[in-house]
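**Student:** Sharing target-v7.cif (mmCIF, C-alpha atoms (C1' of nucleotides)) below.
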data_entry
#
loop_
_atom_site.label_atom_id
_atom_site.label_comp_id
_atom_site.auth_asym_id
_atom_site.auth_seq_id
_atom_site.Cartn_x
_atom_site.Cartn_y
_atom_site.Cartn_z
CA MET A 1 11.56 -173.08 181.72
CA ASN A 2 11.74 -169.76 179.97
CA GLU A 3 15.00 -168.26 181.09
CA MET A 4 16.77 -168.16 177.72
CA PRO A 5 17.77 -164.60 176.86
CA ASN A 6 15.75 -164.98 173.68
CA SER A 7 12.81 -166.86 175.06
CA ARG A 8 9.39 -165.61 174.08
CA VAL A 9 8.49 -164.19 177.43
CA GLU A 10 11.89 -162.57 177.73
CA ARG A 11 11.64 -160.91 174.33
CA ARG A 12 8.18 -159.71 175.19
CA ARG A 13 9.30 -158.32 178.51
CA ARG A 14 12.14 -156.43 176.88
CA SER A 15 9.94 -155.02 174.16
CA GLU A 16 7.42 -153.80 176.69
CA GLU A 17 10.18 -152.23 178.71
CA ARG A 18 11.70 -150.51 175.67
CA ILE A 19 8.30 -149.16 174.70
CA LEU A 20 7.63 -147.87 178.20
CA ALA A 21 11.03 -146.19 178.39
CA ALA A 22 10.53 -144.57 174.99
CA ALA A 23 7.05 -143.49 176.00
CA ARG A 24 8.35 -141.82 179.14
CA THR A 25 11.00 -139.97 177.15
CA VAL A 26 8.69 -138.79 174.40
CA PHE A 27 5.85 -137.89 176.77
CA ALA A 28 8.30 -135.95 178.94
CA GLU A 29 9.69 -134.05 175.94
CA ARG A 30 6.52 -133.31 174.04
CA GLY A 31 3.57 -133.86 176.32
CA PHE A 32 0.64 -136.15 175.67
CA GLU A 33 -0.83 -134.45 172.61
CA ARG A 34 2.33 -133.92 170.60
CA ALA A 35 3.73 -137.32 171.48
CA THR A 36 2.82 -139.77 168.74
CA ILE A 37 2.59 -143.52 168.94
CA ARG A 38 4.74 -143.59 165.84
CA ALA A 39 7.52 -141.58 167.48
CA ILE A 40 7.44 -143.79 170.56
CA ALA A 41 7.45 -146.96 168.49
CA SER A 42 10.27 -145.65 166.36
CA MET A 43 12.39 -144.84 169.40
CA ALA A 44 11.66 -148.30 170.79
CA GLU A 45 12.55 -149.78 167.38
CA VAL A 46 9.21 -151.43 167.09
CA ASP A 47 6.13 -151.29 164.91
CA PRO A 48 3.46 -148.80 166.00
CA ALA A 49 0.83 -151.52 165.89
CA LEU A 50 2.73 -153.44 168.53
CA VAL A 51 2.35 -150.60 170.97
CA MET A 52 -1.41 -150.73 170.57
CA GLN A 53 -1.44 -154.53 170.82
CA TYR A 54 0.42 -154.41 174.11
CA PHE A 55 -1.08 -151.36 175.76
CA GLY A 56 -4.48 -150.99 174.17
CA SER A 57 -4.50 -147.27 173.56
CA LYS A 58 -2.32 -144.20 173.78
CA GLN A 59 -4.06 -143.23 177.01
CA GLU A 60 -3.45 -146.59 178.67
CA LEU A 61 0.18 -146.45 177.60
CA PHE A 62 0.44 -143.03 179.19
CA ASP A 63 -1.17 -144.28 182.39
CA LEU A 64 1.31 -147.12 182.71
CA ALA A 65 4.30 -145.04 181.66
CA VAL A 66 3.76 -142.27 184.21
CA ARG A 67 2.75 -144.53 187.06
CA ILE A 68 5.22 -144.04 189.86
CA PRO A 69 6.08 -146.48 192.66
CA ALA A 70 4.26 -144.19 195.09
CA ILE A 71 6.06 -141.76 197.30
CA PRO A 72 7.40 -142.98 200.61
CA PRO A 73 5.34 -140.88 203.02
CA LEU A 74 8.13 -140.06 205.49
CA ASN A 75 6.07 -139.08 208.49
CA GLY A 76 8.80 -137.13 210.20
CA GLY A 77 8.34 -133.73 211.79
CA LEU A 78 7.76 -130.55 209.86
CA ASP A 79 11.44 -129.76 209.46
CA GLU A 80 12.14 -133.20 208.04
CA LEU A 81 9.27 -132.82 205.61
CA VAL A 82 10.67 -129.51 204.40
CA GLU A 83 14.12 -131.01 203.97
CA GLU A 84 12.58 -133.88 202.08
CA LEU A 85 10.91 -131.46 199.69
CA LEU A 86 14.10 -129.49 199.18
CA ALA A 87 16.10 -132.67 198.71
CA ARG A 88 13.80 -133.61 195.89
CA ILE A 89 14.65 -130.43 194.01
CA GLY A 90 18.24 -130.60 195.19
CA MET A 91 18.47 -134.03 193.63
CA LYS A 92 19.93 -135.52 196.76
CA ILE A 93 17.48 -138.27 196.07
CA GLY A 94 18.33 -138.75 192.43
CA PRO A 95 17.16 -136.95 189.32
CA ILE A 96 13.48 -136.26 188.94
CA PRO A 97 12.01 -139.38 187.36
CA GLN A 98 11.04 -139.03 183.73
CA ALA A 99 7.60 -140.31 184.59
CA SER A 100 7.06 -137.25 186.77
CA LEU A 101 8.35 -134.93 184.08
CA ALA A 102 6.02 -136.55 181.55
CA MET A 103 3.08 -136.06 183.88
CA MET A 104 4.02 -132.46 184.57
CA ARG A 105 4.66 -131.69 180.92
CA SER A 106 1.11 -132.75 180.10
CA MET A 107 -0.69 -131.42 183.15
CA LEU A 108 -1.83 -128.14 181.60
CA THR A 109 -3.24 -129.54 178.38
CA HIS A 110 -4.26 -133.11 179.09
CA PRO A 111 -7.21 -133.50 181.46
CA GLU A 112 -6.18 -136.92 182.75
CA ALA A 113 -2.67 -135.72 183.47
CA ALA A 114 -4.10 -132.67 185.23
CA GLU A 115 -6.23 -134.95 187.37
CA GLY A 116 -3.24 -137.13 188.19
CA VAL A 117 -0.99 -134.25 189.17
CA ARG A 118 -3.72 -132.59 191.19
CA ALA A 119 -4.38 -135.79 193.08
CA ARG A 120 -0.72 -136.29 193.88
CA LEU A 121 -0.22 -132.68 194.92
CA ASP A 122 -3.38 -132.70 197.02
CA GLU A 123 -2.00 -135.72 198.79
CA GLN A 124 1.29 -134.00 199.58
CA VAL A 125 -0.54 -130.88 200.69
CA GLU A 126 -2.60 -132.85 203.15
CA GLN A 127 0.48 -134.60 204.47
CA LEU A 128 2.33 -131.32 204.97
CA SER A 129 -0.69 -129.55 206.31
CA SER A 130 -1.15 -131.94 209.18
CA ALA A 131 2.35 -131.08 210.36
CA ILE A 132 1.91 -127.31 210.29
CA PRO A 133 0.77 -125.68 213.53
CA ALA A 134 -1.49 -122.91 212.27
CA GLU A 135 -5.13 -122.32 211.42
CA ASP A 136 -4.41 -121.80 207.76
CA ALA A 137 -2.20 -124.87 207.57
CA ASP A 138 -3.90 -126.03 204.39
CA LEU A 139 -3.22 -122.76 202.65
CA ARG A 140 0.39 -122.67 203.77
CA ALA A 141 1.00 -126.25 202.73
CA ALA A 142 -0.58 -125.58 199.36
CA LEU A 143 1.68 -122.58 198.85
CA MET A 144 4.75 -124.61 199.75
CA ILE A 145 3.83 -127.29 197.26
CA SER A 146 2.95 -124.69 194.64
CA THR A 147 6.34 -123.10 195.14
CA MET A 148 8.10 -126.39 194.63
CA LEU A 149 6.00 -126.96 191.54
CA GLY A 150 6.82 -123.54 190.15
CA VAL A 151 10.54 -123.90 190.67
CA THR A 152 10.55 -127.35 189.13
CA VAL A 153 8.54 -126.19 186.13
CA ALA A 154 10.70 -123.12 185.62
CA HIS A 155 13.91 -125.10 185.98
CA GLN A 156 13.18 -128.44 184.35
CA LEU A 157 10.51 -127.66 181.81
CA LEU A 158 10.73 -123.96 180.94
CA ASP A 159 14.49 -123.69 181.27
CA LEU A 160 14.44 -120.19 182.75
CA THR A 161 17.66 -118.42 181.86
CA ALA A 162 18.53 -117.46 185.41
CA LEU A 163 18.12 -121.05 186.58
CA ARG A 164 20.00 -122.63 183.70
CA ASP A 165 23.31 -124.09 184.78
CA VAL A 166 22.56 -123.46 188.44
CA SER A 167 23.22 -126.55 190.51
CA PRO A 168 20.12 -128.07 192.07
CA THR A 169 21.90 -127.89 195.38
CA ARG A 170 22.23 -124.10 195.24
CA ILE A 171 18.62 -123.78 194.19
CA ALA A 172 17.46 -125.86 197.11
CA ALA A 173 19.61 -123.87 199.51
CA ALA A 174 18.42 -120.49 198.26
CA LEU A 175 14.85 -121.69 198.42
CA ARG A 176 14.96 -122.90 202.01
CA PRO A 177 14.21 -119.55 203.69
CA ALA A 178 11.14 -119.05 201.51
CA ILE A 179 9.76 -122.47 202.32
CA THR A 180 10.46 -122.31 206.03
CA ALA A 181 8.87 -118.86 206.12
CA LEU A 182 5.65 -120.62 205.21
CA THR A 183 5.91 -123.08 208.06
CA ARG A 184 5.93 -120.50 210.82
CA PRO A 185 2.84 -118.58 211.85
CA ASP A 186 3.04 -114.94 210.81
CA GLU A 187 6.52 -113.74 211.51
CA PRO A 188 6.94 -110.39 213.16
CA ALA A 189 7.47 -108.38 209.99
CA GLY A 190 11.03 -107.93 208.75
CA PRO A 191 12.99 -104.69 208.71
CA SER A 192 10.97 -102.00 207.00
CA MET B 1 -17.54 -91.68 156.18
CA ASN B 2 -17.80 -95.17 157.56
CA GLU B 3 -19.33 -94.68 160.92
CA MET B 4 -22.55 -96.59 160.35
CA PRO B 5 -22.85 -99.44 162.84
CA ASN B 6 -23.13 -101.78 159.89
CA SER B 7 -20.51 -100.27 157.67
CA ARG B 8 -18.06 -102.66 156.13
CA VAL B 9 -15.08 -101.61 158.21
CA GLU B 10 -17.19 -101.71 161.32
CA ARG B 11 -18.45 -105.23 160.65
CA ARG B 12 -14.94 -106.36 159.92
CA ARG B 13 -13.60 -104.81 163.09
CA ARG B 14 -16.26 -106.54 165.16
CA SER B 15 -15.68 -109.90 163.53
CA GLU B 16 -11.96 -109.68 164.16
CA GLU B 17 -12.60 -108.76 167.75
CA ARG B 18 -15.06 -111.62 168.24
CA ILE B 19 -12.56 -114.04 166.78
CA LEU B 20 -9.76 -112.75 168.98
CA ALA B 21 -11.92 -112.98 172.09
CA ALA B 22 -13.01 -116.50 171.22
CA ALA B 23 -9.41 -117.44 170.50
CA ARG B 24 -8.26 -116.20 173.88
CA THR B 25 -10.99 -118.16 175.62
CA VAL B 26 -10.39 -121.41 173.76
CA PHE B 27 -6.60 -121.16 173.94
CA ALA B 28 -6.83 -120.45 177.67
CA GLU B 29 -9.11 -123.43 178.25
CA ARG B 30 -7.49 -126.02 176.04
CA GLY B 31 -4.03 -124.82 175.13
CA PHE B 32 -2.65 -124.40 171.65
CA GLU B 33 -2.77 -127.99 170.45
CA ARG B 34 -6.25 -128.93 171.60
CA ALA B 35 -7.73 -125.62 170.55
CA THR B 36 -9.14 -125.98 167.06
CA ILE B 37 -9.78 -123.26 164.51
CA ARG B 38 -13.22 -124.77 164.13
CA ALA B 39 -14.03 -124.39 167.82
CA ILE B 40 -12.82 -120.80 167.84
CA ALA B 41 -14.77 -119.97 164.70
CA SER B 42 -17.87 -121.64 166.10
CA MET B 43 -17.66 -119.63 169.32
CA ALA B 44 -17.21 -116.46 167.30
CA GLU B 45 -20.15 -117.51 165.11
CA VAL B 46 -18.07 -117.35 161.99
CA ASP B 47 -16.82 -119.69 159.31
CA PRO B 48 -13.44 -121.34 160.02
CA ALA B 49 -12.13 -120.12 156.70
CA LEU B 50 -12.68 -116.54 157.77
CA VAL B 51 -10.30 -117.00 160.66
CA MET B 52 -7.58 -118.09 158.28
CA GLN B 53 -8.36 -115.29 155.87
CA TYR B 54 -7.99 -112.69 158.60
CA PHE B 55 -5.11 -114.08 160.61
CA GLY B 56 -3.20 -116.23 158.15
CA SER B 57 -2.58 -119.27 160.32
CA LYS B 58 -3.38 -120.74 163.69
CA GLN B 59 0.02 -119.69 164.95
CA GLU B 60 -0.40 -116.07 163.87
CA LEU B 61 -3.83 -115.99 165.47
CA PHE B 62 -2.27 -117.26 168.67
CA ASP B 63 0.46 -114.63 168.51
CA LEU B 64 -2.03 -111.82 168.16
CA ALA B 65 -4.46 -113.24 170.70
CA VAL B 66 -1.90 -113.59 173.49
CA ARG B 67 -0.07 -110.37 172.80
CA ILE B 68 -0.31 -108.21 175.88
CA PRO B 69 -0.03 -104.42 176.10
CA ALA B 70 3.36 -104.84 177.76
CA ILE B 71 3.86 -104.65 181.47
CA PRO B 72 4.34 -101.24 183.05
CA PRO B 73 7.86 -101.63 184.45
CA LEU B 74 7.31 -99.86 187.77
CA ASN B 75 10.85 -99.08 188.71
CA GLY B 76 10.14 -98.57 192.39
CA GLY B 77 12.26 -99.99 195.15
CA LEU B 78 12.45 -103.67 196.02
CA ASP B 79 9.53 -103.55 198.42
CA GLU B 80 7.30 -101.92 195.83
CA LEU B 81 8.29 -104.54 193.29
CA VAL B 82 7.34 -107.30 195.70
CA GLU B 83 4.02 -105.67 196.45
CA GLU B 84 3.42 -105.31 192.73
CA LEU B 85 4.00 -109.03 192.24
CA LEU B 86 1.70 -109.92 195.11
CA ALA B 87 -0.94 -107.51 193.89
CA ARG B 88 -0.99 -109.32 190.58
CA ILE B 89 -1.90 -112.59 192.28
CA GLY B 90 -4.10 -110.77 194.78
CA MET B 91 -6.06 -109.36 191.84
CA LYS B 92 -5.80 -105.85 193.18
CA ILE B 93 -4.94 -105.03 189.62
CA GLY B 94 -7.80 -106.87 187.99
CA PRO B 95 -8.21 -110.53 187.07
CA ILE B 96 -5.36 -112.21 185.27
CA PRO B 97 -5.90 -111.47 181.57
CA GLN B 98 -7.07 -114.39 179.49
CA ALA B 99 -4.21 -113.76 177.12
CA SER B 100 -1.78 -114.59 179.92
CA LEU B 101 -3.71 -117.69 180.88
CA ALA B 102 -3.71 -118.82 177.26
CA MET B 103 0.04 -118.35 177.07
CA MET B 104 0.61 -120.18 180.34
CA ARG B 105 -1.75 -122.98 179.43
CA SER B 106 0.31 -123.68 176.34
CA MET B 107 3.79 -123.05 177.69
CA LEU B 108 4.66 -126.66 178.49
CA THR B 109 3.60 -128.20 175.19
CA HIS B 110 3.90 -125.48 172.58
CA PRO B 111 7.46 -124.35 171.82
CA GLU B 112 6.50 -120.83 170.75
CA ALA B 113 4.44 -120.31 173.87
CA ALA B 114 7.33 -121.62 175.95
CA GLU B 115 9.64 -119.12 174.28
CA GLY B 116 7.20 -116.29 174.91
CA VAL B 117 6.70 -117.10 178.57
CA ARG B 118 10.41 -117.61 179.12
CA ALA B 119 11.18 -114.26 177.55
CA ARG B 120 8.62 -112.46 179.66
CA LEU B 121 9.74 -114.18 182.86
CA ASP B 122 13.40 -113.55 182.09
CA GLU B 123 12.55 -109.90 181.72
CA GLN B 124 10.85 -109.77 185.10
CA VAL B 125 13.70 -111.67 186.69
CA GLU B 126 16.21 -109.15 185.41
CA GLN B 127 14.09 -106.29 186.62
CA LEU B 128 13.76 -107.78 190.08
CA SER B 129 17.34 -108.89 190.21
CA SER B 130 18.71 -105.40 189.74
CA ALA B 131 16.84 -104.35 192.87
CA ILE B 132 18.11 -107.14 195.10
CA PRO B 133 21.24 -106.42 197.10
CA ALA B 134 23.00 -109.77 197.08
CA GLU B 135 25.54 -111.66 195.02
CA ASP B 136 23.03 -114.27 193.98
CA ALA B 137 20.41 -111.69 193.08
CA ASP B 138 19.65 -113.43 189.79
CA LEU B 139 18.98 -116.71 191.51
CA ARG B 140 16.81 -115.10 194.16
CA ALA B 141 14.81 -113.14 191.62
CA ALA B 142 14.32 -116.26 189.53
CA LEU B 143 13.03 -118.12 192.56
CA MET B 144 10.60 -115.33 193.38
CA ILE B 145 9.24 -115.35 189.85
CA SER B 146 9.11 -119.15 189.82
CA THR B 147 7.14 -119.07 193.04
CA MET B 148 4.61 -116.67 191.60
CA LEU B 149 4.39 -118.85 188.52
CA GLY B 150 3.83 -121.98 190.57
CA VAL B 151 1.10 -120.43 192.68
CA THR B 152 -0.66 -119.05 189.63
CA VAL B 153 -0.47 -122.37 187.83
CA ALA B 154 -1.68 -124.30 190.85
CA HIS B 155 -4.50 -121.87 191.51
CA GLN B 156 -5.70 -120.82 188.07
CA LEU B 157 -4.83 -123.73 185.85
CA LEU B 158 -4.54 -126.83 188.00
CA ASP B 159 -7.23 -125.87 190.48
CA LEU B 160 -5.47 -127.33 193.50
CA THR B 161 -8.08 -128.35 196.07
CA ALA B 162 -6.53 -126.43 198.94
CA LEU B 163 -6.44 -123.23 196.87
CA ARG B 164 -9.92 -123.58 195.47
CA ASP B 165 -12.30 -120.98 196.88
CA VAL B 166 -9.49 -119.19 198.67
CA SER B 167 -9.62 -115.48 198.00
CA PRO B 168 -6.66 -114.14 196.00
CA THR B 169 -6.16 -111.60 198.75
CA ARG B 170 -5.55 -114.27 201.38
CA ILE B 171 -3.23 -116.12 199.04
CA ALA B 172 -1.18 -112.99 198.43
CA ALA B 173 -1.02 -112.26 202.13
CA ALA B 174 0.07 -115.76 203.10
CA LEU B 175 2.66 -115.73 200.37
CA ARG B 176 4.30 -112.44 201.36
CA PRO B 177 6.68 -113.85 204.00
CA ALA B 178 7.98 -116.43 201.55
CA ILE B 179 8.65 -113.85 198.87
CA THR B 180 10.25 -111.31 201.18
CA ALA B 181 12.42 -114.07 202.64
CA LEU B 182 13.99 -114.28 199.19
CA THR B 183 14.79 -110.59 199.10
CA ARG B 184 17.02 -110.56 202.16
CA PRO B 185 20.52 -112.02 202.20
CA ASP B 186 20.68 -115.18 204.23
CA GLU B 187 18.69 -114.69 207.33
CA PRO B 188 20.19 -115.88 210.62
CA ALA B 189 18.43 -119.24 210.73
CA GLY B 190 15.08 -119.44 212.49
CA PRO B 191 14.37 -121.24 215.80
CA SER B 192 15.65 -124.77 215.56
"C1'" DT C 1 -27.52 -97.53 138.03
"C1'" DC C 2 -23.37 -100.15 137.19
"C1'" DC C 3 -19.47 -102.20 138.50
"C1'" DT C 4 -15.92 -102.93 141.79
"C1'" DT C 5 -14.61 -104.30 146.30
"C1'" DC C 6 -14.63 -107.15 150.02
"C1'" DA C 7 -16.73 -109.62 154.09
"C1'" DC C 8 -18.10 -114.09 154.37
"C1'" DT C 9 -19.33 -118.98 153.15
"C1'" DC C 10 -18.97 -123.63 151.07
"C1'" DA C 11 -16.83 -127.65 149.82
"C1'" DA C 12 -12.89 -129.91 149.55
"C1'" DC C 13 -7.87 -131.23 149.84
"C1'" DG C 14 -3.83 -133.19 152.03
"C1'" DG C 15 -1.50 -134.65 155.78
"C1'" DA C 16 -0.99 -136.60 160.30
"C1'" DT C 17 -2.56 -139.76 163.72
"C1'" DG C 18 -4.84 -143.39 166.57
"C1'" DT C 19 -6.36 -147.69 165.68
"C1'" DT C 20 -7.41 -152.27 163.39
"C1'" DG C 21 -7.33 -156.74 160.78
"C1'" DA C 22 -4.91 -159.90 158.18
"C1'" DT C 23 -0.41 -161.91 157.86
"C1'" DT C 24 4.37 -163.77 158.77
"C1'" DC C 25 7.51 -166.44 161.15
"C1'" DA C 26 10.11 -168.14 164.94
"C1'" DA C 27 9.49 -170.27 169.62
"C1'" DC C 28 7.46 -173.93 171.96
"C1'" DG C 29 4.90 -178.04 173.70
"C1'" DA C 30 3.48 -182.77 172.49
"C1'" DT D 1 8.48 -183.72 163.48
"C1'" DC D 2 4.13 -181.31 163.49
"C1'" DG D 3 0.73 -178.21 164.87
"C1'" DT D 4 -0.07 -174.34 167.79
"C1'" DT D 5 0.81 -170.23 170.02
"C1'" DG D 6 2.03 -165.59 170.10
"C1'" DA D 7 5.51 -161.82 169.10
"C1'" DA D 8 6.01 -158.70 165.54
"C1'" DT D 9 4.95 -156.51 161.00
"C1'" DC D 10 2.39 -154.47 157.06
"C1'" DA D 11 -0.98 -152.11 154.88
"C1'" DA D 12 -4.91 -149.79 155.36
"C1'" DC D 13 -8.98 -147.28 157.41
"C1'" DA D 14 -11.39 -143.49 159.64
"C1'" DT D 15 -11.14 -139.27 161.62
"C1'" DC D 16 -9.73 -134.84 162.64
"C1'" DC D 17 -7.57 -130.62 161.57
"C1'" DG D 18 -5.23 -126.74 159.31
"C1'" DT D 19 -5.56 -124.76 155.18
"C1'" DT D 20 -7.13 -123.37 150.42
"C1'" DG D 21 -9.64 -121.82 146.27
"C1'" DA D 22 -13.77 -120.80 144.13
"C1'" DG D 23 -17.90 -118.64 144.77
"C1'" DT D 24 -21.87 -115.36 146.67
"C1'" DG D 25 -24.05 -111.32 147.93
"C1'" DA D 26 -24.27 -106.97 149.82
"C1'" DA D 27 -21.83 -102.44 150.61
"C1'" DG D 28 -20.01 -98.49 148.42
"C1'" DG D 29 -17.90 -95.35 145.10
"C1'" DA D 30 -18.51 -93.15 140.37
#
Spell out the structure here as structure tokens.
**Tutor:**
Amino acid sequence: MNEMPNSRVERRRRSEERILAAARTVFAERGFERATIRAIASMAEVDPALVMQYFGSKQELFDLAVRIPAIPPLNGGLDELVEELLARIGMKIGPIPQASLAMMRSMLTHPEAAEGVRARLDEQVEQLSSAIPAEDADLRAALMISTMLGVTVAHQLLDLTALRDVSPTRIAAALRPAITALTRPDEPAGPS
Amino acid sequence: MNEMPNSRVERRRRSEERILAAARTVFAERGFERATIRAIASMAEVDPALVMQYFGSKQELFDLAVRIPAIPPLNGGLDELVEELLARIGMKIGPIPQASLAMMRSMLTHPEAAEGVRARLDEQVEQLSSAIPAEDADLRAALMISTMLGVTVAHQLLDLTALRDVSPTRIAAALRPAITALTRPDEPAGPS
DNA sequence: TCCTTCACTCAACGGATGTTGATTCAACGA
DNA sequence: TCGTTGAATCAACATCCGTTGAGTGAAGGA
């Protein structure tokens, strides 16, 4: 019925998609507050009013734009979980989705984004924690996740000089000892 | 001459100090964008116009409010540097200054704050790097700093559930193996 | 005491932004 | 072909915020 490339539903679908893509880009670059509906609409080559008509409000647009297909849990052993984490930074799994960057960019200044990130991180902490054989598994898992967060922020969002132009693969490799150190119960103190 | 508790210079000095304190608090809680001159003025029990008159602009107020007495370099050996880093999270050195929290809160959405944080982190990376005996010292140092950043963000700003109500001392202790793992050239792979 | 200085306030401007209602026009079903 | 639906636009409103200029009253020097 409506399969013409210029059918109404098709045009609508494309417009929504363009708006969502633009929203992800602008939110990722500027964060929630500094991102304006006008800038998003302009990048999507659309009238600002259309954005509101389709998504209701800036907040709802944000919610939809940063929603992510949910992370495949991967219930492997501890070592696999660690490798999975490192692979994410190492980009063996593809670049970090713009939706995640948008969420992270806004997490310190936008309460809803903070809540979203916290929820997702809490989830990963719990998953990791249950695979760590130690009393303070929760703490260790939280530190592992925090480390990944810090490296991603410093690399992708802050653009730390020393991490600029360093391949994600090298970063992941150099980081491995630090992460695995958190998986083992207190190691017998290194060389003084 | 002007030592009366209500002398003009004294009143002025106090007002400026109240404004700066309020600014640090509000910037730390909301970040640069969401912090309003009106909110700061209100907390300082002062007219918004006075803030402008004293500090010129919101940006200049921010600059002054987040300026920090510079970090004592502590040119000790690598181990001392690591302990210094951990002590900062462990709060052996006092709570993290609100000026730093304000800066960090804004670093992902406010370009000037980003520049400030990057500069300060770059500095610390260089300092650490020169104490690490390895070819990729820069990378390792950057990862150490990024880790500290991530933990601080997760703990102080994001309020990760698993880190809530955990004493800074325990956090620092649990983190030590991860940090020291980054100081040593590739360790001979742990137990498979 | 007089007059200057200055801390401080008041009211308002100008711009940006999220949001809305009326409007236009092409797609679509009957 | 005709009327309806809905995608898309336009102009405007309301609000908030940084910023400004004029104004007030008390401190302080001569």
**Student:** Expand the PyMOL selection byres ((chain B) within 8 of (chain C)) into the explicit residue set it covers here, and present it as a PyMOL selection string.
**Tutor:** chain B and resi 8+12+47+50
**Student:** List every protein, DNA or RNA residue that has at least one atom no more than 10 Å from (3.9, -121.8, 197.6) in the file's coordinates, counting only C-alpha atoms (C1' of nucleotides), and write the result as a ChimeraX atom specification.
**Tutor:** /A:139-151,178-179,182 /B:146-152,154,171,174-175,178-179
**Student:** Could you save the residues just selected, with C-alpha atoms, as a PDB file, in the coordinates of the input?
**Tutor:**
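Result file follows (again_31.pdb):
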ATOM      1  CA  LEU A 139      -3.220-122.760 202.650  1.00  0.00           C
ATOM      2  CA  ARG A 140       0.390-122.670 203.770  1.00  0.00           C
ATOM      3  CA  ALA A 141       1.000-126.250 202.730  1.00  0.00           C
ATOM      4  CA  ALA A 142      -0.580-125.580 199.360  1.00  0.00           C
ATOM      5  CA  LEU A 143       1.680-122.580 198.850  1.00  0.00           C
ATOM      6  CA  MET A 144       4.750-124.610 199.750  1.00  0.00           C
ATOM      7  CA  ILE A 145       3.830-127.290 197.260  1.00  0.00           C
ATOM      8  CA  SER A 146       2.950-124.690 194.640  1.00  0.00           C
ATOM      9  CA  THR A 147       6.340-123.100 195.140  1.00  0.00           C
ATOM     10  CA  MET A 148       8.100-126.390 194.630  1.00  0.00           C
ATOM     11  CA  LEU A 149       6.000-126.960 191.540  1.00  0.00           C
ATOM     12  CA  GLY A 150       6.820-123.540 190.150  1.00  0.00           C
ATOM     13  CA  VAL A 151      10.540-123.900 190.670  1.00  0.00           C
ATOM     14  CA  ALA A 178      11.140-119.050 201.510  1.00  0.00           C
ATOM     15  CA  ILE A 179       9.760-122.470 202.320  1.00  0.00           C
ATOM     16  CA  LEU A 182       5.650-120.620 205.210  1.00  0.00           C
TER      17      LEU A 182
ATOM     18  CA  SER B 146       9.110-119.150 189.820  1.00  0.00           C
ATOM     19  CA  THR B 147       7.140-119.070 193.040  1.00  0.00           C
ATOM     20  CA  MET B 148       4.610-116.670 191.600  1.00  0.00           C
ATOM     21  CA  LEU B 149       4.390-118.850 188.520  1.00  0.00           C
ATOM     22  CA  GLY B 150       3.830-121.980 190.570  1.00  0.00           C
ATOM     23  CA  VAL B 151       1.100-120.430 192.680  1.00  0.00           C
ATOM     24  CA  THR B 152      -0.660-119.050 189.630  1.00  0.00           C
ATOM     25  CA  ALA B 154      -1.680-124.300 190.850  1.00  0.00           C
ATOM     26  CA  ILE B 171      -3.230-116.120 199.040  1.00  0.00           C
ATOM     27  CA  ALA B 174       0.070-115.760 203.100  1.00  0.00           C
ATOM     28  CA  LEU B 175       2.660-115.730 200.370  1.00  0.00           C
ATOM     29  CA  ALA B 178       7.980-116.430 201.550  1.00  0.00           C
ATOM     30  CA  ILE B 179       8.650-113.850 198.870  1.00  0.00           C
TER      31      ILE B 179
END
**Student:** Could you work out which residues of chain D fall inside 12 Å of chain A? Count all atoms listed in the file, and format the result as a PDB file with C-alpha atoms (C1' of nucleotides), in the frame of the given file.
**Tutor:**
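This is the output file out01.pdb:
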ATOM      1  C1'  DT D   5       0.810-170.230 170.020  1.00  0.00           C
ATOM      2  C1'  DG D   6       2.030-165.590 170.100  1.00  0.00           C
ATOM      3  C1'  DA D   7       5.510-161.820 169.100  1.00  0.00           C
ATOM      4  C1'  DA D   8       6.010-158.700 165.540  1.00  0.00           C
ATOM      5  C1'  DT D   9       4.950-156.510 161.000  1.00  0.00           C
ATOM      6  C1'  DC D  10       2.390-154.470 157.060  1.00  0.00           C
ATOM      7  C1'  DA D  11      -0.980-152.110 154.880  1.00  0.00           C
TER       8       DA D  11
END
**Student:** On this structure, which residues satisfy the PyMOL selection byres ((chain A and resi 121) around 10), written as a list in words?
**Tutor:** Glu115, Gly116, Val117, Arg118, Ala119, Arg120, Asp122, Glu123, Gln124, Val125, Glu126, Gln127, Ala142, Ile145, Ser146 and Leu149 of chain A; Ala154, Leu160, Thr161 and Ala162 of chain B
**Student:** With the file shown as input, list the residues that the PyMOL selection byres ((chain B and resi 170) around 12) selects, as a ChimeraX atom specification.
**Tutor:** /A:136,139-140,143 /B:86-87,89-92,163-169,171-176
**Student:** What is the CA of Ser100 in chain A-CA of Asn75 in chain A distance in Å, reported with one decimal?
**Tutor:**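 Result for CA of Ser100 in chain A versus CA of Asn75 in chain A: 21.8 Å, one decimal.
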**Student:** Expressed in Å to a single decimal, how great is the separation between CA of Glu16 in chain B and CA of Met43 in chain B?
**Tutor:**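 About the pair CA of Glu16 in chain B and CA of Met43 in chain B: they are 12.6 Å apart.
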**Student:** Find the residue from B:Met103, B:Leu157, B:Ala44, B:Ile37 that sits nearest to Gly56 in chain B; use only C-alpha atoms when measuring.
**Tutor:** B:Ile37
**Student:** Put the listed atoms of range 20-23 of chain C in a box along x, y and z with 6 Å added on every side and give me the centre and edge lengths in Å to one decimal, as JSON.
**Tutor:**
{"center_x": -3.9, "center_y": -157.1, "center_z": 160.6, "size_x": 19.0, "size_y": 21.6, "size_z": 17.5}
